$ cat entry.txt   # compact mmCIF, C-alpha atoms
# COMPACT_ATOMS: atom_id res chain seq x y z
CA MET A 143 -51.54 136.77 57.46
CA LYS A 144 -49.74 138.80 54.80
CA PRO A 145 -50.06 137.58 51.19
CA THR A 146 -46.95 135.90 49.87
CA ARG A 147 -44.90 138.18 47.68
CA LYS A 148 -44.24 137.09 44.14
CA GLY A 149 -40.72 136.01 43.33
CA THR A 150 -38.43 138.14 41.22
CA PRO A 151 -37.77 137.19 37.56
CA ASP A 152 -34.45 135.63 36.65
CA PHE A 153 -32.21 138.71 36.41
CA MET A 154 -29.72 137.16 34.00
CA LEU A 155 -32.38 136.00 31.51
CA LEU A 156 -34.21 139.34 31.71
CA ILE A 157 -31.04 141.34 30.99
CA MET A 158 -30.05 139.00 28.14
CA THR A 159 -33.51 139.35 26.59
CA LEU A 160 -33.33 143.15 26.73
CA VAL A 161 -29.78 143.13 25.31
CA LEU A 162 -30.92 141.00 22.34
CA ILE A 163 -33.87 143.32 21.70
CA ALA A 164 -31.63 146.42 21.88
CA PHE A 165 -29.04 144.84 19.60
CA GLY A 166 -31.82 143.92 17.17
CA LEU A 167 -33.03 147.53 17.03
CA LEU A 168 -29.46 148.70 16.46
CA MET A 169 -28.92 146.26 13.59
CA VAL A 170 -32.33 146.97 12.05
CA TYR A 171 -31.37 150.64 11.86
CA SER A 172 -27.96 149.88 10.39
CA ALA A 173 -29.32 147.42 7.82
CA SER A 174 -32.44 149.41 6.86
CA SER A 175 -31.36 153.06 6.89
CA THR A 176 -30.44 153.09 3.19
CA SER A 177 -33.61 151.23 2.14
CA GLY A 178 -35.73 153.51 4.31
CA PHE A 179 -34.26 156.65 2.78
CA THR A 180 -34.51 155.28 -0.78
CA LYS A 181 -38.13 154.11 -0.52
CA PHE A 182 -39.64 156.53 2.02
CA GLN A 183 -37.11 159.41 2.27
CA ASP A 184 -36.75 158.47 5.94
CA SER A 185 -33.69 156.62 7.24
CA PHE A 186 -35.56 155.81 10.47
CA HIS A 187 -38.68 154.40 8.77
CA PHE A 188 -38.11 150.72 9.58
CA LEU A 189 -36.51 151.45 12.95
CA THR A 190 -39.56 153.47 14.03
CA ARG A 191 -41.97 150.70 13.08
CA GLN A 192 -39.83 148.10 14.85
CA ALA A 193 -39.57 150.30 17.95
CA ILE A 194 -43.38 150.58 18.10
CA ALA A 195 -43.64 146.77 17.96
CA VAL A 196 -40.99 146.50 20.71
CA ALA A 197 -42.97 148.94 22.89
CA LEU A 198 -46.08 146.78 22.48
CA GLY A 199 -43.94 143.72 23.14
CA LEU A 200 -42.69 145.19 26.42
CA VAL A 201 -46.30 145.62 27.59
CA ALA A 202 -47.07 141.99 26.64
CA MET A 203 -43.85 140.74 28.26
CA LEU A 204 -44.57 142.55 31.54
CA PHE A 205 -48.16 141.27 31.53
CA PHE A 206 -47.25 137.61 31.06
CA MET A 207 -44.35 137.96 33.48
CA ASN A 208 -46.95 138.73 36.16
CA VAL A 209 -49.43 136.00 35.15
CA HIS A 210 -48.98 132.58 36.72
CA TYR A 211 -48.23 130.06 33.98
CA SER A 212 -50.98 127.69 35.21
CA LYS A 213 -53.58 130.15 33.85
CA LEU A 214 -52.30 129.45 30.34
CA LYS A 215 -54.04 126.04 30.55
CA LYS A 216 -57.43 127.79 30.55
CA TRP A 217 -56.37 130.00 27.63
CA ALA A 218 -54.94 127.14 25.54
CA VAL A 219 -58.13 126.18 23.66
CA PRO A 220 -59.44 129.74 23.03
CA LEU A 221 -55.99 130.84 21.84
CA PHE A 222 -55.72 127.81 19.57
CA LEU A 223 -59.15 128.47 18.03
CA ILE A 224 -58.53 132.21 17.53
CA VAL A 225 -55.27 131.55 15.69
CA LEU A 226 -56.93 128.74 13.71
CA ILE A 227 -59.63 131.16 12.50
CA LEU A 228 -57.00 133.75 11.57
CA LEU A 229 -55.01 131.14 9.62
CA PHE A 230 -58.18 130.14 7.78
CA LEU A 231 -59.07 133.75 6.92
CA VAL A 232 -55.66 135.10 5.91
CA PRO A 233 -55.50 133.34 2.47
CA ILE A 234 -58.92 134.85 1.71
CA PHE A 235 -58.69 138.38 3.10
CA GLY A 236 -54.96 138.77 3.69
CA ALA A 237 -52.52 141.06 1.90
CA THR A 238 -50.05 139.59 -0.58
CA LEU A 239 -46.38 140.25 0.09
CA ASN A 240 -43.42 138.40 -1.45
CA HIS A 241 -45.78 136.06 -3.36
CA ALA A 242 -47.53 134.93 -0.15
CA LYS A 243 -50.86 135.85 1.43
CA SER A 244 -49.64 135.66 5.01
CA TRP A 245 -50.50 139.07 6.46
CA PHE A 246 -53.52 141.06 7.58
CA LYS A 247 -53.23 144.76 6.89
CA VAL A 248 -53.95 146.61 10.17
CA GLY A 249 -53.58 150.29 9.38
CA PRO A 250 -49.92 150.97 8.57
CA PHE A 251 -48.86 147.62 10.08
CA ASN A 252 -49.01 143.97 9.01
CA LEU A 253 -50.14 141.15 11.30
CA GLN A 254 -48.83 137.66 10.51
CA PRO A 255 -50.95 134.90 12.14
CA ALA A 256 -48.32 132.22 11.42
CA GLU A 257 -46.02 133.86 13.99
CA PHE A 258 -48.61 133.57 16.75
CA ALA A 259 -49.43 130.01 15.63
CA LYS A 260 -46.00 128.96 16.92
CA LEU A 261 -46.77 130.07 20.47
CA ALA A 262 -50.38 128.86 20.29
CA ILE A 263 -49.33 125.33 19.30
CA ILE A 264 -46.78 125.17 22.13
CA ILE A 265 -49.33 126.14 24.79
CA TYR A 266 -52.07 123.93 23.34
CA LEU A 267 -49.88 120.83 23.01
CA ALA A 268 -48.43 121.33 26.50
CA ALA A 269 -51.95 121.56 27.97
CA LEU A 270 -53.14 118.55 25.96
CA ILE A 271 -50.17 116.38 26.92
CA ASN A 272 -50.46 117.43 30.57
CA LYS A 273 -54.16 116.54 30.57
CA LYS A 274 -53.73 113.14 28.90
CA GLY A 275 -50.90 112.04 31.19
CA GLU A 276 -49.96 108.40 30.62
CA ARG A 277 -52.62 108.05 27.88
CA PHE A 278 -50.41 110.20 25.65
CA TYR A 279 -48.11 107.17 25.31
CA ASP A 280 -50.89 105.37 23.42
CA PHE A 281 -50.88 106.04 19.67
CA LYS A 282 -54.64 106.29 19.03
CA LYS A 283 -55.52 108.23 22.18
CA GLY A 284 -52.37 110.35 22.41
CA LEU A 285 -50.11 110.85 19.42
CA LEU A 286 -52.62 110.53 16.55
CA PRO A 287 -55.01 113.33 17.69
CA THR A 288 -51.98 115.54 18.34
CA LEU A 289 -50.65 114.97 14.83
CA ILE A 290 -54.03 115.82 13.31
CA ILE A 291 -54.04 119.14 15.19
CA VAL A 292 -50.49 119.99 14.09
CA GLY A 293 -51.29 118.92 10.52
CA LEU A 294 -54.27 121.27 10.46
CA TYR A 295 -52.10 124.26 11.40
CA CYS A 296 -49.34 123.25 8.95
CA GLY A 297 -51.82 122.74 6.11
CA LEU A 298 -53.35 126.20 6.56
CA ILE A 299 -49.90 127.81 6.63
CA MET A 300 -48.81 125.97 3.46
CA ILE A 301 -51.89 127.30 1.62
CA GLN A 302 -50.53 130.85 1.99
CA PRO A 303 -47.85 129.51 1.04
CA ASP A 304 -45.22 129.88 3.80
CA PHE A 305 -42.92 126.87 3.75
CA GLY A 306 -40.47 128.35 6.27
CA SER A 307 -43.08 128.99 8.98
CA CYS A 308 -44.66 125.59 8.31
CA MET A 309 -41.31 123.83 8.81
CA VAL A 310 -40.55 125.77 12.00
CA LEU A 311 -43.99 125.00 13.44
CA ALA A 312 -43.69 121.29 12.59
CA LEU A 313 -40.27 121.09 14.28
CA ILE A 314 -41.54 122.95 17.36
CA ALA A 315 -44.48 120.56 17.64
CA ALA A 316 -42.18 117.55 17.22
CA LEU A 317 -39.97 118.85 20.05
CA VAL A 318 -42.89 119.36 22.45
CA ILE A 319 -44.36 115.95 21.55
CA LEU A 320 -40.99 114.23 22.05
CA ILE A 321 -40.21 115.74 25.46
CA GLY A 322 -43.89 115.34 26.41
CA GLY A 323 -43.45 111.57 26.60
CA ALA A 324 -44.50 110.21 23.21
CA ASN A 325 -43.78 106.57 22.44
CA LEU A 326 -40.32 106.74 20.83
CA LYS A 327 -41.12 103.85 18.49
CA HIS A 328 -44.20 105.66 17.14
CA PHE A 329 -42.40 109.01 17.06
CA PHE A 330 -39.38 107.87 15.06
CA THR A 331 -41.45 105.70 12.71
CA LEU A 332 -43.58 108.71 11.82
CA GLY A 333 -40.44 110.87 11.64
CA VAL A 334 -38.81 108.60 9.09
CA GLY A 335 -42.05 108.49 7.10
CA GLY A 336 -42.24 112.29 7.15
CA LEU A 337 -38.66 112.61 5.92
CA LEU A 338 -39.33 110.18 3.07
CA LEU A 339 -42.45 112.11 2.08
CA ALA A 340 -40.56 115.42 2.17
CA SER A 341 -37.80 113.90 0.05
CA LEU A 342 -40.31 112.70 -2.54
CA ILE A 343 -41.83 116.19 -2.73
CA VAL A 344 -38.42 117.51 -3.74
CA VAL A 345 -37.03 114.57 -5.76
CA VAL A 346 -40.06 113.86 -7.97
CA PRO A 347 -40.05 117.33 -9.61
CA LEU A 348 -36.31 116.94 -10.23
CA LEU A 349 -36.76 113.56 -11.91
CA THR A 350 -39.67 114.81 -14.02
CA HIS A 351 -37.87 118.09 -14.84
CA ASN A 352 -40.81 119.97 -13.37
CA ASN A 353 -38.84 122.68 -11.60
CA ASP A 354 -40.62 124.77 -8.96
CA PHE A 355 -39.55 126.91 -6.00
CA ARG A 356 -38.54 123.84 -3.94
CA THR A 357 -36.22 122.38 -6.56
CA GLY A 358 -34.95 125.87 -7.36
CA ARG A 359 -33.89 126.39 -3.75
CA LEU A 360 -32.24 122.98 -3.65
CA SER A 361 -30.21 123.59 -6.82
CA THR A 362 -29.26 127.06 -5.52
CA TYR A 363 -28.07 125.50 -2.26
CA LEU A 364 -25.90 122.97 -4.11
CA ASN A 365 -24.30 125.65 -6.29
CA PRO A 366 -25.35 129.27 -5.59
CA TRP A 367 -22.75 130.61 -8.05
CA ALA A 368 -24.21 128.71 -11.03
CA ASP A 369 -26.84 131.43 -11.40
CA SER A 370 -25.48 134.21 -9.21
CA LEU A 371 -27.55 136.85 -11.01
CA GLY A 372 -30.76 134.80 -10.96
CA THR A 373 -31.94 132.18 -8.47
CA GLY A 374 -28.65 132.27 -6.58
CA TYR A 375 -28.48 136.06 -6.30
CA ASN A 376 -29.61 136.44 -2.68
CA ILE A 377 -27.38 133.75 -1.21
CA SER A 378 -24.35 134.73 -3.30
CA GLN A 379 -24.70 138.35 -2.12
CA SER A 380 -25.04 137.08 1.46
CA LEU A 381 -21.82 135.06 1.19
CA MET A 382 -20.08 138.09 -0.31
CA ALA A 383 -21.11 140.09 2.77
CA PHE A 384 -19.40 137.60 5.06
CA GLY A 385 -16.32 137.63 2.85
CA HIS A 386 -16.19 141.41 2.84
CA GLY A 387 -16.48 141.52 6.64
CA GLY A 388 -13.49 139.27 7.12
CA PHE A 389 -12.07 138.81 10.62
CA SER A 390 -12.79 142.18 12.24
CA GLY A 391 -15.59 143.62 10.04
CA THR A 392 -16.01 146.89 8.19
CA GLY A 393 -17.44 148.69 11.23
CA PHE A 394 -20.98 149.49 12.35
CA GLY A 395 -22.98 151.15 9.57
CA GLN A 396 -20.26 150.55 6.96
CA SER A 397 -21.85 147.64 5.08
CA ILE A 398 -21.64 147.74 1.30
CA GLN A 399 -24.13 144.94 0.65
CA LYS A 400 -27.01 146.87 2.24
CA LEU A 401 -26.64 149.58 -0.44
CA GLY A 402 -29.04 147.86 -2.81
CA PHE A 403 -27.00 144.68 -3.44
CA LEU A 404 -28.63 142.40 -0.84
CA PRO A 405 -32.46 142.55 -1.01
CA ASN A 406 -34.16 143.24 2.34
CA PRO A 407 -30.93 143.13 4.37
CA PHE A 408 -32.86 144.05 7.53
CA ASN A 409 -35.04 140.95 7.37
CA ASP A 410 -33.98 137.36 6.54
CA PHE A 411 -30.36 138.34 5.76
CA ILE A 412 -29.63 140.58 8.73
CA PHE A 413 -26.99 138.15 10.03
CA ALA A 414 -25.08 138.70 6.78
CA ILE A 415 -24.94 142.42 7.65
CA ILE A 416 -23.76 141.49 11.16
CA GLY A 417 -21.03 139.37 9.58
CA GLU A 418 -20.01 142.18 7.25
CA GLU A 419 -20.00 145.02 9.79
CA LEU A 420 -18.80 143.15 12.89
CA GLY A 421 -16.75 140.45 11.17
CA PHE A 422 -15.93 136.98 12.40
CA ILE A 423 -15.17 138.25 15.91
CA GLY A 424 -18.48 140.08 16.33
CA SER A 425 -20.51 137.27 14.77
CA THR A 426 -18.89 134.70 17.07
CA LEU A 427 -19.53 136.78 20.18
CA PHE A 428 -23.15 137.22 19.12
CA LEU A 429 -23.60 133.47 18.59
CA LEU A 430 -22.01 132.65 21.96
CA PHE A 431 -24.31 135.13 23.66
CA PHE A 432 -27.33 133.64 21.88
CA ILE A 433 -26.35 130.10 22.93
CA LEU A 434 -25.99 131.24 26.56
CA PHE A 435 -29.43 132.88 26.33
CA ILE A 436 -31.02 129.64 25.04
CA TRP A 437 -29.24 127.56 27.69
CA ARG A 438 -30.40 129.85 30.49
CA GLY A 439 -34.02 129.71 29.32
CA ILE A 440 -34.00 125.91 29.02
CA LEU A 441 -32.43 125.57 32.47
CA ILE A 442 -35.18 127.70 34.02
CA SER A 443 -37.87 125.71 32.18
CA LEU A 444 -36.52 122.34 33.32
CA ARG A 445 -36.50 123.51 36.95
CA CYS A 446 -40.24 124.14 36.85
CA PRO A 447 -41.96 121.66 39.22
CA ASP A 448 -44.99 121.37 36.94
CA SER A 449 -44.80 119.37 33.69
CA PHE A 450 -47.04 121.85 31.87
CA GLY A 451 -44.75 124.76 32.74
CA SER A 452 -41.66 122.81 31.70
CA LEU A 453 -43.21 121.85 28.36
CA VAL A 454 -44.20 125.44 27.61
CA GLY A 455 -40.80 126.83 28.63
CA VAL A 456 -38.73 124.28 26.73
CA GLY A 457 -41.07 124.62 23.75
CA ILE A 458 -40.55 128.39 23.67
CA MET A 459 -36.77 128.21 23.97
CA GLY A 460 -36.73 125.37 21.44
CA MET A 461 -38.78 127.52 19.06
CA ILE A 462 -36.23 130.34 19.30
CA ALA A 463 -33.31 127.94 18.84
CA ILE A 464 -34.90 126.15 15.85
CA GLN A 465 -35.74 129.40 14.09
CA ALA A 466 -32.24 130.77 14.70
CA LEU A 467 -30.58 127.60 13.37
CA ILE A 468 -32.69 127.64 10.20
CA ASN A 469 -31.98 131.33 9.58
CA LEU A 470 -28.25 131.08 10.26
CA GLY A 471 -27.99 127.92 8.16
CA GLY A 472 -29.82 129.56 5.27
CA VAL A 473 -27.85 132.83 5.11
CA THR A 474 -24.52 130.93 5.34
CA ASN A 475 -25.70 128.35 2.75
CA SER A 476 -25.24 125.54 5.28
CA ILE A 477 -28.81 124.44 4.53
CA PRO A 478 -31.26 125.43 1.75
CA LEU A 479 -32.68 128.92 2.18
CA THR A 480 -36.22 128.96 3.61
CA GLY A 481 -36.97 132.61 4.38
CA VAL A 482 -37.03 132.36 8.18
CA THR A 483 -36.16 135.44 10.25
CA LEU A 484 -33.51 135.63 13.00
CA PRO A 485 -35.29 135.86 16.40
CA PHE A 486 -35.09 139.27 18.15
CA ILE A 487 -32.79 140.65 15.43
CA SER A 488 -34.65 140.65 12.11
CA TYR A 489 -37.21 143.31 11.27
CA GLY A 490 -40.79 142.17 11.80
CA GLY A 491 -43.47 143.47 14.15
CA SER A 492 -45.44 140.21 14.52
CA SER A 493 -42.25 138.26 15.19
CA ILE A 494 -40.85 140.55 17.90
CA LEU A 495 -44.27 140.87 19.57
CA MET A 496 -44.68 137.09 19.70
CA LEU A 497 -41.10 136.56 20.93
CA MET A 498 -41.37 139.12 23.71
CA THR A 499 -44.72 137.64 24.79
CA SER A 500 -43.06 134.21 24.88
CA MET A 501 -40.16 135.48 26.97
CA GLY A 502 -42.66 137.04 29.38
CA ILE A 503 -44.02 133.52 29.96
CA VAL A 504 -40.53 132.06 30.55
CA LEU A 505 -39.64 134.93 32.92
CA GLY A 506 -42.93 134.21 34.69
CA LEU A 507 -41.74 130.64 35.22
CA SER A 508 -38.55 131.98 36.82
CA ARG A 509 -40.58 134.23 39.17
CA ASP A 510 -42.51 131.22 40.46
CA GLN A 511 -39.29 129.28 41.03
CA ASN A 512 -37.63 132.17 42.90
CA LYS A 513 -40.73 132.49 45.06
CA ILE A 514 -40.51 128.81 46.04
CA GLU A 515 -36.76 129.03 46.71
CA ASN A 516 -37.22 132.12 48.91
CA GLN A 517 -39.89 130.38 50.94
CA GLN A 518 -37.83 127.24 51.65
CA PRO A 519 -35.48 128.67 54.33
CA ALA A 520 -38.45 130.13 56.26
CA ASN A 521 -40.27 126.80 56.20

$ encode --input "entry.txt" --output "structure tokens"
Amino acid sequence: MKPTRKGTPDFMLLIMTLVLIAFGLLMVYSASSTSGFTKFQDSFHFLTRQAIAVALGLVAMLFFMNVHYSKLKKWAVPLFLIVLILLFLVPIFGATLNHAKSWFKVGPFNLQPAEFAKLAIIIYLAALINKKGERFYDFKKGLLPTLIIVGLYCGLIMIQPDFGSCMVLALIAALVILIGGANLKHFFTLGVGGLLLASLIVVVPLLTHNNDFRTGRLSTYLNPWADSLGTGYNISQSLMAFGHGGFSGTGFGQSIQKLGFLPNPFNDFIFAIIGEELGFIGSTLFLLFFILFIWRGILISLRCPDSFGSLVGVGIMGMIAIQALINLGGVTNSIPLTGVTLPFISYGGSSILMLMTSMGIVLGLSRDQNKIENQQPAN
């Protein structure tokens, strides 16, 4: 008897993933060419580094596309522990960049464990919830141990400190826990308590006039123009980029804000460059494409016959959506700025490598589904 052939990956999701990666490389070059030439006398400096990360990401994506998702259950605990050790070591031995010790220096490249913590927590929680089954509905046996695990990751990330990554990871974990079948009464009670605690962390320094980076970001969000040359400089320059782009944009490569006005335009604020060069029309088309990409990935994940596969898939697509919403909200001043990158588009080797690995897992889910669907007529 011939071995059953593996199914083909979802063609639409695969093409959309590659289009996003290609568009990201294009925008990284446009947004970073001036900075690269100014700092390193090489306009392609940041593009080259990003392209190397994309090449490694393609290898990881192809590997996980060909691995059955059920094997991830066996890897959940080792992966969780490896990332936990890295998170513990990075504040001690890591390199400091932008006032945070969040990176390991690996030759000419930087490795950020917090990026891989996002994927590790998704796989670990999905495996844990799948193993506990109905016991996960119980607070002491299900939700409480899960919260301790998430809190451990979040605490280590905050030590760096990296508030943006901590918030993204907490929201990802909350999503997986919610769709995993947590008791809604327990979930929302803890959610309200968490919101109150977060509010106190921000409000108390305001009331005591003990201003720090949290209160500074809040006051900048409320009125970025009050100190447009100080704390509000980044967001005011970002809003100016959108204003300069107008309806149709200045044209690819024609941004003014990337010429030293907007710091690191190829990273957190790359969507501002998209808005300036491609205008309202280009930005809208990009957002519609991104929404379709998220929808397609969630649809594939929900069709998975196994609860573990569905949790992992929805967790991954939810991670991408959450991170995108926080980035887009920050650069448009819709929410306080947190320093979160735009998935697939912003410069960052650890980020693109983790994202492409994650999409390899989701595409692997689609291969298994297509295999089942192709076998049904024969049976």

$ atom_distance --input "entry.txt" --atom1 "atom CA of A:Leu270" --atom2 "atom CA of A:Thr288"
8.3 Å

$ residues_around --input "entry.txt" --residues "A:Leu289" --least-positions-apart "4" --cutoff "12 Å" --atoms "only C-alpha atoms" --output "list of chain:residue names"
A:Ile263, A:Leu267, A:Leu270, A:Phe278, A:Phe281, A:Lys282, A:Lys283, A:Gly284, A:Leu285, A:Gly293, A:Leu294, A:Tyr295, A:Cys296, A:Gly297, A:Ala312, A:Ala315, A:Ala316, A:Val318, A:Ile319, A:Ala324, A:His328, A:Phe329, A:Leu332, A:Gly333, A:Gly336

$ atom_distance --input "entry.txt" --atom1 "atom CA of A:Lys216" --atom2 "atom CA of A:Ser493"
24.0 Å

$ closest_residue --input "entry.txt" --among "A:Cys446, A:Val248, A:Leu495, A:Val504" --to "A:Ala202" --atoms "only C-alpha atoms"
A:Leu495

$ closest_residue --input "entry.txt" --among "A:Leu226, A:Val473, A:Leu444, A:Leu453" --to "A:Gln379" --atoms "all atoms listed in the file"
A:Val473

$ closest_residue --input "entry.txt" --among "A:Thr159, A:Val209, A:Arg438, A:Gly249" --to "A:Val196" --atoms "all atoms listed in the file"
A:Thr159

$ atom_distance --input "entry.txt" --atom1 "atom CA of A:Tyr211" --atom2 "atom CA of A:Trp245"
29.0 Å

$ closest_residue --input "entry.txt" --among "A:Ser452, A:Asn475, A:Asn376, A:Thr362" --to "A:Pro407" --atoms "only C-alpha atoms"
A:Asn376
